[in-house]
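This is input.pdb (PDB, C-alpha atoms).
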ATOM      1  CA  MET O   1     212.585  20.774  -6.497
ATOM      2  CA  MET O   2     212.458  23.968  -8.502
ATOM      3  CA  GLU O   3     208.713  24.116  -7.968
ATOM      4  CA  ILE O   4     209.142  23.854  -4.191
ATOM      5  CA  VAL O   5     211.672  26.704  -4.136
ATOM      6  CA  THR O   6     209.402  28.919  -6.210
ATOM      7  CA  ASP O   7     206.500  27.969  -4.008
ATOM      8  CA  ARG O   8     208.451  29.024  -0.920
ATOM      9  CA  GLU O   9     209.416  32.372  -2.382
ATOM     10  CA  LEU O  10     205.871  32.963  -3.483
ATOM     11  CA  LEU O  11     204.607  31.861  -0.110
ATOM     12  CA  LYS O  12     206.739  34.408   1.746
ATOM     13  CA  LYS O  13     205.339  37.178  -0.410
ATOM     14  CA  LEU O  14     201.797  35.861  -0.045
ATOM     15  CA  ILE O  15     202.092  35.858   3.750
ATOM     16  CA  ALA O  16     203.439  39.419   3.555
ATOM     17  CA  ARG O  17     200.266  40.220   1.563
ATOM     18  CA  ASP O  18     202.145  41.409  -1.474
ATOM     19  CA  GLU O  19     199.605  42.199  -4.181
ATOM     20  CA  GLN O  20     201.987  41.213  -6.968
ATOM     21  CA  ALA O  21     202.382  37.772  -5.421
ATOM     22  CA  TYR O  22     198.613  37.370  -5.502
ATOM     23  CA  GLU O  23     198.699  38.305  -9.166
ATOM     24  CA  ILE O  24     201.187  35.474  -9.760
ATOM     25  CA  LEU O  25     199.028  33.125  -7.730
ATOM     26  CA  LEU O  26     195.983  33.984  -9.821
ATOM     27  CA  ASP O  27     197.881  33.534 -13.071
ATOM     28  CA  GLU O  28     198.984  30.095 -11.957
ATOM     29  CA  TYR O  29     195.956  28.710 -10.154
ATOM     30  CA  GLU O  30     192.934  30.578 -11.487
ATOM     31  CA  ALA O  31     192.357  28.254 -14.433
ATOM     32  CA  PRO O  32     192.888  24.939 -12.537
ATOM     33  CA  ILE O  33     190.584  26.038  -9.707
ATOM     34  CA  TYR O  34     187.918  27.200 -12.124
ATOM     35  CA  ARG O  35     188.173  23.908 -14.045
ATOM     36  CA  PHE O  36     187.852  21.971 -10.791
ATOM     37  CA  PHE O  37     184.621  23.769  -9.903
ATOM     38  CA  TYR O  38     183.202  23.801 -13.386
ATOM     39  CA  TYR O  39     183.767  20.106 -14.025
ATOM     40  CA  SER O  40     182.454  19.264 -10.564
ATOM     41  CA  GLN O  41     179.104  20.939 -11.166
ATOM     42  CA  GLY O  42     178.888  22.007 -14.794
ATOM     43  CA  ASN O  43     177.725  25.491 -13.900
ATOM     44  CA  HIS O  44     179.769  28.512 -14.885
ATOM     45  CA  GLN O  45     178.087  30.980 -12.531
ATOM     46  CA  ILE O  46     178.473  28.794  -9.464
ATOM     47  CA  ALA O  47     182.046  27.905 -10.434
ATOM     48  CA  GLN O  48     182.897  31.589 -10.738
ATOM     49  CA  ASP O  49     181.522  32.407  -7.287
ATOM     50  CA  GLN O  50     183.250  29.441  -5.731
ATOM     51  CA  CYS O  51     186.504  30.417  -7.367
ATOM     52  CA  GLY O  52     186.332  33.886  -5.799
ATOM     53  CA  GLU O  53     185.363  32.407  -2.451
ATOM     54  CA  THR O  54     188.358  30.058  -2.611
ATOM     55  CA  PHE O  55     190.811  32.890  -3.215
ATOM     56  CA  ALA O  56     189.231  35.025  -0.505
ATOM     57  CA  ARG O  57     189.571  32.165   1.973
ATOM     58  CA  PHE O  58     193.102  31.576   0.797
ATOM     59  CA  VAL O  59     194.059  35.139   1.801
ATOM     60  CA  ALA O  60     192.777  34.543   5.321
ATOM     61  CA  ALA O  61     194.222  31.031   5.630
ATOM     62  CA  ILE O  62     197.669  31.491   4.120
ATOM     63  CA  LYS O  63     199.272  32.234   7.510
ATOM     64  CA  ASN O  64     198.291  28.702   8.594
ATOM     65  CA  PHE O  65     200.137  27.082   5.709
ATOM     66  CA  LYS O  66     203.211  25.247   6.976
ATOM     67  CA  SER O  67     205.979  25.539   4.464
ATOM     68  CA  ASP O  68     207.896  22.699   6.110
ATOM     69  CA  ASN O  69     205.286  20.110   5.294
ATOM     70  CA  SER O  70     205.720  18.087   2.165
ATOM     71  CA  HIS O  71     202.580  19.358   0.503
ATOM     72  CA  SER O  72     202.666  22.049  -2.080
ATOM     73  CA  LEU O  73     200.861  25.327  -2.344
ATOM     74  CA  LYS O  74     198.804  23.704  -5.083
ATOM     75  CA  ALA O  75     197.540  21.043  -2.652
ATOM     76  CA  PHE O  76     196.767  23.738  -0.080
ATOM     77  CA  ILE O  77     194.670  25.800  -2.474
ATOM     78  CA  PHE O  78     192.899  22.715  -3.812
ATOM     79  CA  GLY O  79     192.140  21.730  -0.215
ATOM     80  CA  ILE O  80     190.386  25.063   0.281
ATOM     81  CA  ALA O  81     188.600  24.652  -3.060
ATOM     82  CA  ARG O  82     187.333  21.238  -2.023
ATOM     83  CA  ASN O  83     185.979  22.635   1.254
ATOM     84  CA  VAL O  84     184.172  25.387  -0.645
ATOM     85  CA  LEU O  85     182.748  22.824  -3.046
ATOM     86  CA  LEU O  86     181.550  20.527  -0.277
ATOM     87  CA  GLU O  87     179.900  23.416   1.562
ATOM     88  CA  THR O  88     178.047  24.464  -1.576
ATOM     89  CA  LEU O  89     177.009  20.928  -2.342
ATOM     90  CA  ARG O  90     175.795  20.424   1.183
ATOM     91  CA  ARG O  91     173.902  23.683   1.058
ATOM     92  CA  LYS O  92     172.243  22.963  -2.220
ATOM     93  CA  ARG O  93     171.821  19.236  -1.630
ATOM     94  CA  LEU O  94     173.427  18.432  -4.937
ATOM     95  CA  ILE O  95     175.822  15.853  -3.659
ATOM     96  CA  GLN O  96     174.196  12.940  -5.428
ATOM     97  CA  GLU O  97     173.225  14.746  -8.602
ATOM     98  CA  ASP O  98     174.980  14.279 -11.893
ATOM     99  CA  VAL O  99     176.811  17.001 -13.735
ATOM    100  CA  CYS O 100     174.551  16.424 -16.713
ATOM    101  CA  SER O 101     171.452  17.377 -14.763
ATOM    102  CA  LEU O 102     172.847  20.840 -14.090
ATOM    103  CA  GLU O 103     172.190  23.515 -16.634
ATOM    104  CA  GLU O 104     173.879  26.806 -17.284
ATOM    105  CA  MET O 105     172.076  29.722 -15.699
ATOM    106  CA  PRO O 106     170.469  31.993 -18.295
ATOM    107  CA  SER O 107     172.744  34.901 -19.117
ATOM    108  CA  ASN O 108     173.306  37.363 -21.946
ATOM    109  CA  LYS O 109     177.001  36.655 -21.878
ATOM    110  CA  PRO O 110     178.426  33.965 -24.187
ATOM    111  CA  SER O 111     178.360  30.562 -22.533
ATOM    112  CA  VAL O 112     181.475  28.606 -21.746
ATOM    113  CA  PHE O 113     180.747  26.355 -24.689
ATOM    114  CA  GLN O 114     180.727  29.296 -27.068
ATOM    115  CA  GLU O 115     184.028  30.566 -25.700
ATOM    116  CA  VAL O 116     186.077  27.397 -26.057
ATOM    117  CA  SER O 117     187.654  26.488 -29.361
ATOM    118  CA  SER O 118     186.040  23.048 -29.517
ATOM    119  CA  PRO O 119     182.677  22.922 -27.736
ATOM    120  CA  ASP O 120     182.145  19.297 -28.675
ATOM    121  CA  GLU O 121     185.277  18.269 -26.853
ATOM    122  CA  LEU O 122     184.156  20.150 -23.767
ATOM    123  CA  LYS O 123     180.745  18.512 -23.903
ATOM    124  CA  PHE O 124     182.441  15.163 -24.237
ATOM    125  CA  VAL O 125     184.661  15.876 -21.191
ATOM    126  CA  LEU O 126     181.664  17.000 -19.149
ATOM    127  CA  ASN O 127     179.754  13.916 -20.195
ATOM    128  CA  ILE O 128     182.570  11.601 -19.160
ATOM    129  CA  ILE O 129     183.133  13.354 -15.799
ATOM    130  CA  GLY O 130     179.394  13.392 -15.186
ATOM    131  CA  ARG O 131     179.337   9.622 -15.146
ATOM    132  CA  PHE O 132     181.572   9.514 -12.088
ATOM    133  CA  LYS O 133     180.128   9.726  -8.597
ATOM    134  CA  GLU O 134     181.780  11.433  -5.627
ATOM    135  CA  PRO O 135     184.508  11.051  -4.435
ATOM    136  CA  GLU O 136     185.840   9.428  -7.606
ATOM    137  CA  ARG O 137     184.863  12.497  -9.606
ATOM    138  CA  GLN O 138     187.069  14.736  -7.473
ATOM    139  CA  ILE O 139     189.884  12.222  -7.569
ATOM    140  CA  LEU O 140     189.588  12.017 -11.345
ATOM    141  CA  LEU O 141     189.799  15.800 -11.628
ATOM    142  CA  LEU O 142     192.698  16.124  -9.232
ATOM    143  CA  ARG O 143     194.725  13.202 -10.513
ATOM    144  CA  PHE O 144     194.115  12.961 -14.241
ATOM    145  CA  ILE O 145     193.339  16.560 -15.142
ATOM    146  CA  GLU O 146     195.343  18.593 -12.623
ATOM    147  CA  GLY O 147     198.096  16.010 -12.155
ATOM    148  CA  LEU O 148     198.370  16.118  -8.364
ATOM    149  CA  LYS O 149     200.430  13.540  -6.492
ATOM    150  CA  LEU O 150     198.724  10.748  -4.599
ATOM    151  CA  ASP O 151     199.794  12.012  -1.156
ATOM    152  CA  GLU O 152     198.610  15.501  -2.056
ATOM    153  CA  ILE O 153     195.226  14.105  -3.059
ATOM    154  CA  ALA O 154     195.106  12.171   0.206
ATOM    155  CA  SER O 155     195.660  15.380   2.178
ATOM    156  CA  ILE O 156     193.108  17.312   0.094
ATOM    157  CA  MET O 157     190.475  14.601   0.372
ATOM    158  CA  LYS O 158     191.394  13.839   4.003
ATOM    159  CA  MET O 159     191.611  10.169   3.105
ATOM    160  CA  PRO O 160     194.166   7.471   3.813
ATOM    161  CA  LEU O 161     196.696   7.059   1.021
ATOM    162  CA  ASN O 162     195.626   3.486   0.342
ATOM    163  CA  SER O 163     192.002   4.528  -0.175
ATOM    164  CA  VAL O 164     193.158   7.197  -2.606
ATOM    165  CA  LYS O 165     195.228   4.618  -4.475
ATOM    166  CA  SER O 166     192.272   2.276  -4.817
ATOM    167  CA  HIS O 167     189.974   5.127  -5.918
ATOM    168  CA  VAL O 168     192.544   6.244  -8.477
ATOM    169  CA  HIS O 169     192.904   2.706  -9.749
ATOM    170  CA  ARG O 170     189.147   2.252 -10.048
ATOM    171  CA  SER O 171     188.509   5.583 -11.717
ATOM    172  CA  ARG O 172     191.422   5.068 -14.095
ATOM    173  CA  LYS O 173     189.989   1.740 -15.174
ATOM    174  CA  LYS O 174     186.530   3.231 -15.624
ATOM    175  CA  LEU O 175     187.888   6.232 -17.507
ATOM    176  CA  CYS O 176     189.923   4.057 -19.850
ATOM    177  CA  GLU O 177     186.907   1.884 -20.587
ATOM    178  CA  MET O 178     184.765   4.929 -21.376
ATOM    179  CA  LEU O 179     187.440   6.552 -23.497
ATOM    180  CA  SER O 180     188.208   3.427 -25.472
ATOM    181  CA  LYS O 181     184.492   2.817 -26.028
ATOM    182  CA  SER O 182     183.963   6.312 -27.320
ATOM    183  CA  SER O 183     187.090   6.162 -29.508
ATOM    184  CA  SER O 184     186.024   2.828 -31.028
ATOM    185  CA  SER O 185     182.506   4.147 -31.696
ATOM    186  CA  GLU O 186     184.015   7.103 -33.575
TER     187      GLU O 186
ATOM    188  CA  MET V   1     203.105  -7.636 -24.575
ATOM    189  CA  ASP V   2     199.439  -6.908 -25.170
ATOM    190  CA  ASN V   3     199.175  -5.556 -21.667
ATOM    191  CA  LYS V   4     201.986  -3.107 -22.327
ATOM    192  CA  LYS V   5     200.339  -2.039 -25.560
ATOM    193  CA  ASP V   6     197.027  -1.537 -23.778
ATOM    194  CA  GLU V   7     198.761   0.397 -21.038
ATOM    195  CA  LYS V   8     200.361   2.726 -23.553
ATOM    196  CA  ARG V   9     197.081   3.182 -25.371
ATOM    197  CA  ASN V  10     195.289   3.947 -22.131
ATOM    198  CA  GLU V  11     197.982   6.456 -21.160
ATOM    199  CA  ALA V  12     197.566   8.181 -24.497
ATOM    200  CA  LEU V  13     193.777   8.268 -24.100
ATOM    201  CA  ILE V  14     194.022   9.766 -20.617
ATOM    202  CA  ARG V  15     196.558  12.354 -21.766
ATOM    203  CA  GLU V  16     194.321  13.302 -24.665
ATOM    204  CA  PHE V  17     191.340  13.525 -22.319
ATOM    205  CA  ALA V  18     193.288  15.767 -19.926
ATOM    206  CA  GLU V  19     194.357  18.022 -22.781
ATOM    207  CA  SER V  20     190.763  18.287 -24.000
ATOM    208  CA  SER V  21     189.607  19.176 -20.515
ATOM    209  CA  LYS V  22     192.140  22.000 -20.382
ATOM    210  CA  GLU V  23     190.494  23.538 -23.412
ATOM    211  CA  LEU V  24     188.176  25.215 -20.954
ATOM    212  CA  LYS V  25     189.457  28.759 -20.779
ATOM    213  CA  THR V  26     188.994  31.110 -17.859
ATOM    214  CA  PRO V  27     186.356  33.705 -18.757
ATOM    215  CA  GLU V  28     187.478  37.342 -18.656
ATOM    216  CA  GLU V  29     184.832  38.289 -16.111
ATOM    217  CA  LEU V  30     186.209  35.602 -13.781
ATOM    218  CA  ARG V  31     189.647  37.195 -13.864
ATOM    219  CA  GLY V  32     188.135  40.509 -12.810
ATOM    220  CA  SER V  33     185.965  39.039 -10.095
ATOM    221  CA  ASN V  34     188.815  36.975  -8.612
ATOM    222  CA  ARG V  35     190.982  40.063  -8.341
ATOM    223  CA  ARG V  36     188.137  41.899  -6.647
ATOM    224  CA  TYR V  37     187.646  39.038  -4.182
ATOM    225  CA  ILE V  38     191.357  39.028  -3.327
ATOM    226  CA  LYS V  39     191.497  42.796  -2.977
ATOM    227  CA  ASP V  40     188.505  42.761  -0.609
ATOM    228  CA  ALA V  41     189.969  39.898   1.399
ATOM    229  CA  LEU V  42     193.346  41.654   1.686
ATOM    230  CA  TYR V  43     191.624  44.859   2.763
ATOM    231  CA  SER V  44     189.560  43.114   5.444
ATOM    232  CA  VAL V  45     192.578  41.139   6.727
ATOM    233  CA  ASN V  46     194.624  44.341   6.986
ATOM    234  CA  ALA V  47     191.743  46.135   8.708
ATOM    235  CA  GLU V  48     191.435  43.245  11.152
ATOM    236  CA  ARG V  49     195.143  43.463  11.888
ATOM    237  CA  LYS V  50     194.866  47.202  12.575
ATOM    238  CA  ARG V  51     191.872  46.639  14.810
ATOM    239  CA  THR V  52     193.747  44.073  16.901
ATOM    240  CA  PRO V  53     194.834  45.909  20.081
ATOM    241  CA  GLY V  54     198.395  45.930  21.357
ATOM    242  CA  TRP V  55     199.476  43.597  24.131
ATOM    243  CA  LEU V  56     198.619  46.178  26.793
ATOM    244  CA  LYS V  57     195.006  46.298  25.693
ATOM    245  CA  LYS V  58     194.768  42.630  24.853
ATOM    246  CA  ARG V  59     192.010  40.714  26.599
ATOM    247  CA  ILE V  60     192.044  37.055  27.317
ATOM    248  CA  SER V  61     189.153  34.892  28.246
ATOM    249  CA  VAL V  62     189.471  32.915  31.465
ATOM    250  CA  PRO V  63     186.901  30.331  32.551
ATOM    251  CA  PHE V  64     184.816  31.588  35.469
ATOM    252  CA  PRO V  65     185.766  28.799  37.953
ATOM    253  CA  VAL V  66     189.463  29.522  37.362
ATOM    254  CA  ALA V  67     188.949  33.254  37.879
ATOM    255  CA  ALA V  68     186.880  32.666  41.018
ATOM    256  CA  GLY V  69     189.490  30.266  42.364
ATOM    257  CA  PHE V  70     192.254  32.786  41.842
ATOM    258  CA  LEU V  71     190.189  35.475  43.561
ATOM    259  CA  VAL V  72     189.593  33.259  46.599
ATOM    260  CA  ILE V  73     193.297  32.378  46.806
ATOM    261  CA  PHE V  74     194.227  36.054  46.545
ATOM    262  CA  CYS V  75     191.787  37.034  49.333
ATOM    263  CA  LEU V  76     193.047  34.224  51.568
ATOM    264  CA  GLN V  77     196.617  35.295  50.974
ATOM    265  CA  LEU V  78     195.783  38.871  51.924
ATOM    266  CA  THR V  79     193.977  37.809  55.097
ATOM    267  CA  LEU V  80     196.803  35.503  56.153
ATOM    268  CA  GLN V  81     199.357  38.198  55.529
ATOM    269  CA  PHE V  82     197.355  40.652  57.640
ATOM    270  CA  ILE V  83     197.112  38.115  60.482
ATOM    271  CA  ASN V  84     200.845  37.447  60.268
ATOM    272  CA  LEU V  85     201.666  41.145  60.441
ATOM    273  CA  THR V  86     199.494  41.769  63.489
ATOM    274  CA  THR V  87     200.956  38.800  65.368
ATOM    275  CA  TYR V  88     204.476  39.970  64.458
ATOM    276  CA  PHE V  89     203.886  43.417  65.917
ATOM    277  CA  LYS V  90     202.303  41.961  68.976
ATOM    278  CA  THR V  91     205.178  39.557  69.660
ATOM    279  CA  SER V  92     208.005  41.944  68.797
ATOM    280  CA  LYS V  93     207.343  44.337  71.725
ATOM    281  CA  PRO V  94     210.366  44.115  74.022
ATOM    282  CA  THR V  95     208.321  43.528  77.146
ATOM    283  CA  VAL V  96     208.875  39.817  77.528
ATOM    284  CA  SER V  97     212.260  38.161  77.519
ATOM    285  CA  ASP V  98     213.016  34.484  77.851
ATOM    286  CA  LYS V  99     216.671  35.104  78.577
ATOM    287  CA  THR V 100     218.060  33.982  81.875
ATOM    288  CA  ASP V 101     220.979  35.439  83.704
ATOM    289  CA  SER V 102     224.125  33.621  84.836
ATOM    290  CA  ILE V 103     222.500  32.360  88.021
ATOM    291  CA  GLY V 104     219.690  30.822  86.067
ATOM    292  CA  LEU V 105     217.062  33.232  87.222
ATOM    293  CA  LEU V 106     214.704  34.833  84.795
ATOM    294  CA  GLU V 107     216.101  38.108  83.628
ATOM    295  CA  LYS V 108     213.984  41.172  84.097
ATOM    296  CA  PRO V 109     212.595  42.370  80.818
ATOM    297  CA  LEU V 110     214.178  45.255  78.978
ATOM    298  CA  GLN V 111     212.139  48.422  79.065
ATOM    299  CA  LEU V 112     212.159  51.283  76.703
ATOM    300  CA  HIS V 113     212.694  54.651  78.332
ATOM    301  CA  TYR V 114     212.453  58.054  76.884
ATOM    302  CA  SER V 115     214.495  61.037  77.990
ATOM    303  CA  GLU V 116     214.444  64.634  76.888
ATOM    304  CA  ARG V 117     217.033  67.321  77.545
ATOM    305  CA  ASN V 118     216.305  71.013  77.082
ATOM    306  CA  VAL V 119     218.703  73.910  77.696
ATOM    307  CA  TYR V 120     216.905  77.157  78.362
ATOM    308  CA  VAL V 121     218.591  80.526  78.522
ATOM    309  CA  ALA V 122     216.601  83.362  80.012
ATOM    310  CA  GLY V 123     215.763  85.942  77.436
ATOM    311  CA  MET V 124     216.709  83.632  74.565
ATOM    312  CA  GLY V 125     214.486  80.670  75.018
ATOM    313  CA  PHE V 126     215.469  77.035  74.294
ATOM    314  CA  VAL V 127     218.975  76.825  72.844
ATOM    315  CA  GLU V 128     219.313  73.025  72.752
ATOM    316  CA  LYS V 129     216.873  70.126  72.568
ATOM    317  CA  SER V 130     217.646  66.448  72.514
ATOM    318  CA  ASN V 131     215.480  63.332  72.736
ATOM    319  CA  ASN V 132     216.780  59.902  73.642
ATOM    320  CA  TYR V 133     215.345  56.378  73.618
ATOM    321  CA  ALA V 134     217.134  53.709  75.531
ATOM    322  CA  TYR V 135     216.483  50.157  76.739
ATOM    323  CA  PHE V 136     217.260  49.514  80.356
ATOM    324  CA  LYS V 137     216.855  46.610  82.633
ATOM    325  CA  GLU V 138     214.381  47.645  85.226
ATOM    326  CA  SER V 139     216.895  47.097  88.051
ATOM    327  CA  ASN V 140     219.612  49.133  86.259
ATOM    328  CA  TYR V 141     217.208  51.902  85.644
ATOM    329  CA  GLU V 142     216.131  51.970  89.201
ATOM    330  CA  SER V 143     219.692  52.017  90.383
ATOM    331  CA  ASN V 144     220.478  54.868  88.001
TER     332      ASN V 144
END

What is this file in structure tokens?
Amino acid sequence: MMEIVTDRELLKKLIARDEQAYEILLDEYEAPIYRFFYYSQGNHQIAQDQCGETFARFVAAIKNFKSDNSHSLKAFIFGIARNVLLETLRRKRLIQEDVCSLEEMPSNKPSVFQEVSSPDELKFVLNIIGRFKEPERQILLLRFIEGLKLDEIASIMKMPLNSVKSHVHRSRKKLCEMLSKSSSSE
Amino acid sequence: MDNKKDEKRNEALIREFAESSKELKTPEELRGSNRRYIKDALYSVNAERKRTPGWLKKRISVPFPVAAGFLVIFCLQLTLQFINLTTYFKTSKPTVSDKTDSIGLLEKPLQLHYSERNVYVAGMGFVEKSNNYAYFKESNYESN
């Protein structure tokens, strides 16, 4: 309930194009959106561009957000992020490729792996996510990593709720199997 | 019982996995670039708003058949109105009367007559001028 109220207050300021409100928005959603893109494709450079594109589109689309609907601001921004992702995938014809086949673009800057405290863990996460195909990969990210509600995922994915439930069930089962296998092998 | 245990174990594994995935930190350069993207977007949205003309200058697009239809209706209306006006003026001249008198005979039509009265004083010129319009029955007029 508290989240909804805060969302509404933030929303008013965002519609009024208050720069401070956008600062709050970035603080709250920058990391989840970046994670969503990075884990979807495993490429930092592309994820960074898509992240910027998502926020730019958000600025233009915020006036269309209906505060009376049951979905949160989080679902709205993830909906935009998903559209950006699908457009990129369609453009680059990567839709059927695995995360593992993508490589970081050469850069002088430290890679994402060098920046995180435990690179092995990140590699492990990428490896696990890479074994999921679309749309289960997106559902996995939205449900198990970002913790979105089922109806929010349904609106983001533009899918019936029952399909989302079955995808969540399937991916949960698969994820548990993978995780328990890897934990037993350790 | 085993199912519950498995469920709990699975929950713990998923939670651990989610926590590991959140280890991925947002790079500093991303923070800068996102702010730039938002600033640019805000600037272009504001510029767009300024560029949008007021309601007086606002243009709307109308499909051609609708516009043509309206034009035809407007022209027809004008023509009909013009025809109506001319027939009104033609019929409103007091030359024809359908009234009948007490004996049942057709009344003579009323006729408009004009009279002018001028008073002229020698050496001074016209001191009074008056114009009159009056309707008379032809018979009355003749008798007067």

Go through O:Lys74, O:Lys173, O:Met159, O:Leu25 one by one, measure the shortest atom-to-atom distance of each to Lys13 in chain O using all atoms listed in the file, and give the residue with the smallest value.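 Nearest to Lys13 in chain O: O:Leu25.
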
Can you translate the PyMOL selection byres ((chain V and resi 21) around 10) into the concrete residues it hits in this file, as a ChimeraX atom specification? /O:35,39,121-126,129,141,144-146 /V:15-20,22-25

Please identify every residue of chain O that has at least one atom no more than 8 Å from any atom of chain V, counting all atoms listed in the file, and report them as a PyMOL selection string. chain O and resi 17+22-23+26+30-31+34-35+48+51-53+55-57+59-60+112+115-118+121-122+125+144-145+175-176+179-180

Selection result of the PyMOL selection byres ((chain O and resi 85) around 10) on this file, as a short mmCIF file (atom, residue, chain, number, x, y, z; two decimals) with C-alpha atoms, in the frame of the given file:
data_model
loop_
_atom_site.label_atom_id
_atom_site.label_comp_id
_atom_site.auth_asym_id
_atom_site.auth_seq_id
_atom_site.Cartn_x
_atom_site.Cartn_y
_atom_site.Cartn_z
CA PHE O 36 187.85 21.97 -10.79
CA PHE O 37 184.62 23.77 -9.90
CA SER O 40 182.45 19.26 -10.56
CA GLN O 41 179.10 20.94 -11.17
CA ILE O 46 178.47 28.79 -9.46
CA ALA O 47 182.05 27.90 -10.43
CA GLN O 50 183.25 29.44 -5.73
CA CYS O 51 186.50 30.42 -7.37
CA GLU O 53 185.36 32.41 -2.45
CA THR O 54 188.36 30.06 -2.61
CA GLY O 79 192.14 21.73 -0.22
CA ILE O 80 190.39 25.06 0.28
CA ALA O 81 188.60 24.65 -3.06
CA ARG O 82 187.33 21.24 -2.02
CA ASN O 83 185.98 22.64 1.25
CA VAL O 84 184.17 25.39 -0.64
CA LEU O 86 181.55 20.53 -0.28
CA GLU O 87 179.90 23.42 1.56
CA THR O 88 178.05 24.46 -1.58
CA LEU O 89 177.01 20.93 -2.34
CA ARG O 90 175.80 20.42 1.18
CA ARG O 91 173.90 23.68 1.06
CA ILE O 95 175.82 15.85 -3.66
#

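CA of Lys165 in chain O lies 12.5 Å from CA of Pro135 in chain O.
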
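Between CA of His167 in chain O and CA of Arg137 in chain O the interatomic distance comes to 9.7 Å.
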
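CA of Asn132 in chain V is positioned 11.6 Å from CA of Asn118 in chain V.
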
Taking all atoms of range 53-64 of chain O that appear in the file, build a box with edges along x, y and z, extend it by 8 Å on every side, and state its centre and edge lengths in Å to one decimal, as JSON.
{"center_x": 192.3, "center_y": 31.9, "center_z": 2.7, "size_x": 29.9, "size_y": 22.4, "size_z": 27.8}

For Ile77 in chain O, which residue among O:Ser184, O:Ile62, O:Glu177, O:Arg170 is the nearest when counting all atoms listed in the file? O:Ile62

Non-local contacts of Tyr133 in chain V (10 Å; all atoms listed in the file; under 4 positions in same chain excluded) as a ChimeraX atom specification: /V:112-116

Test item: the PyMOL selection byres ((chain O and resi 157) around 9) resolved as a VMD selection string: chain O and resid 79 82 135 138 to 139 152 to 156 158 to 160 164
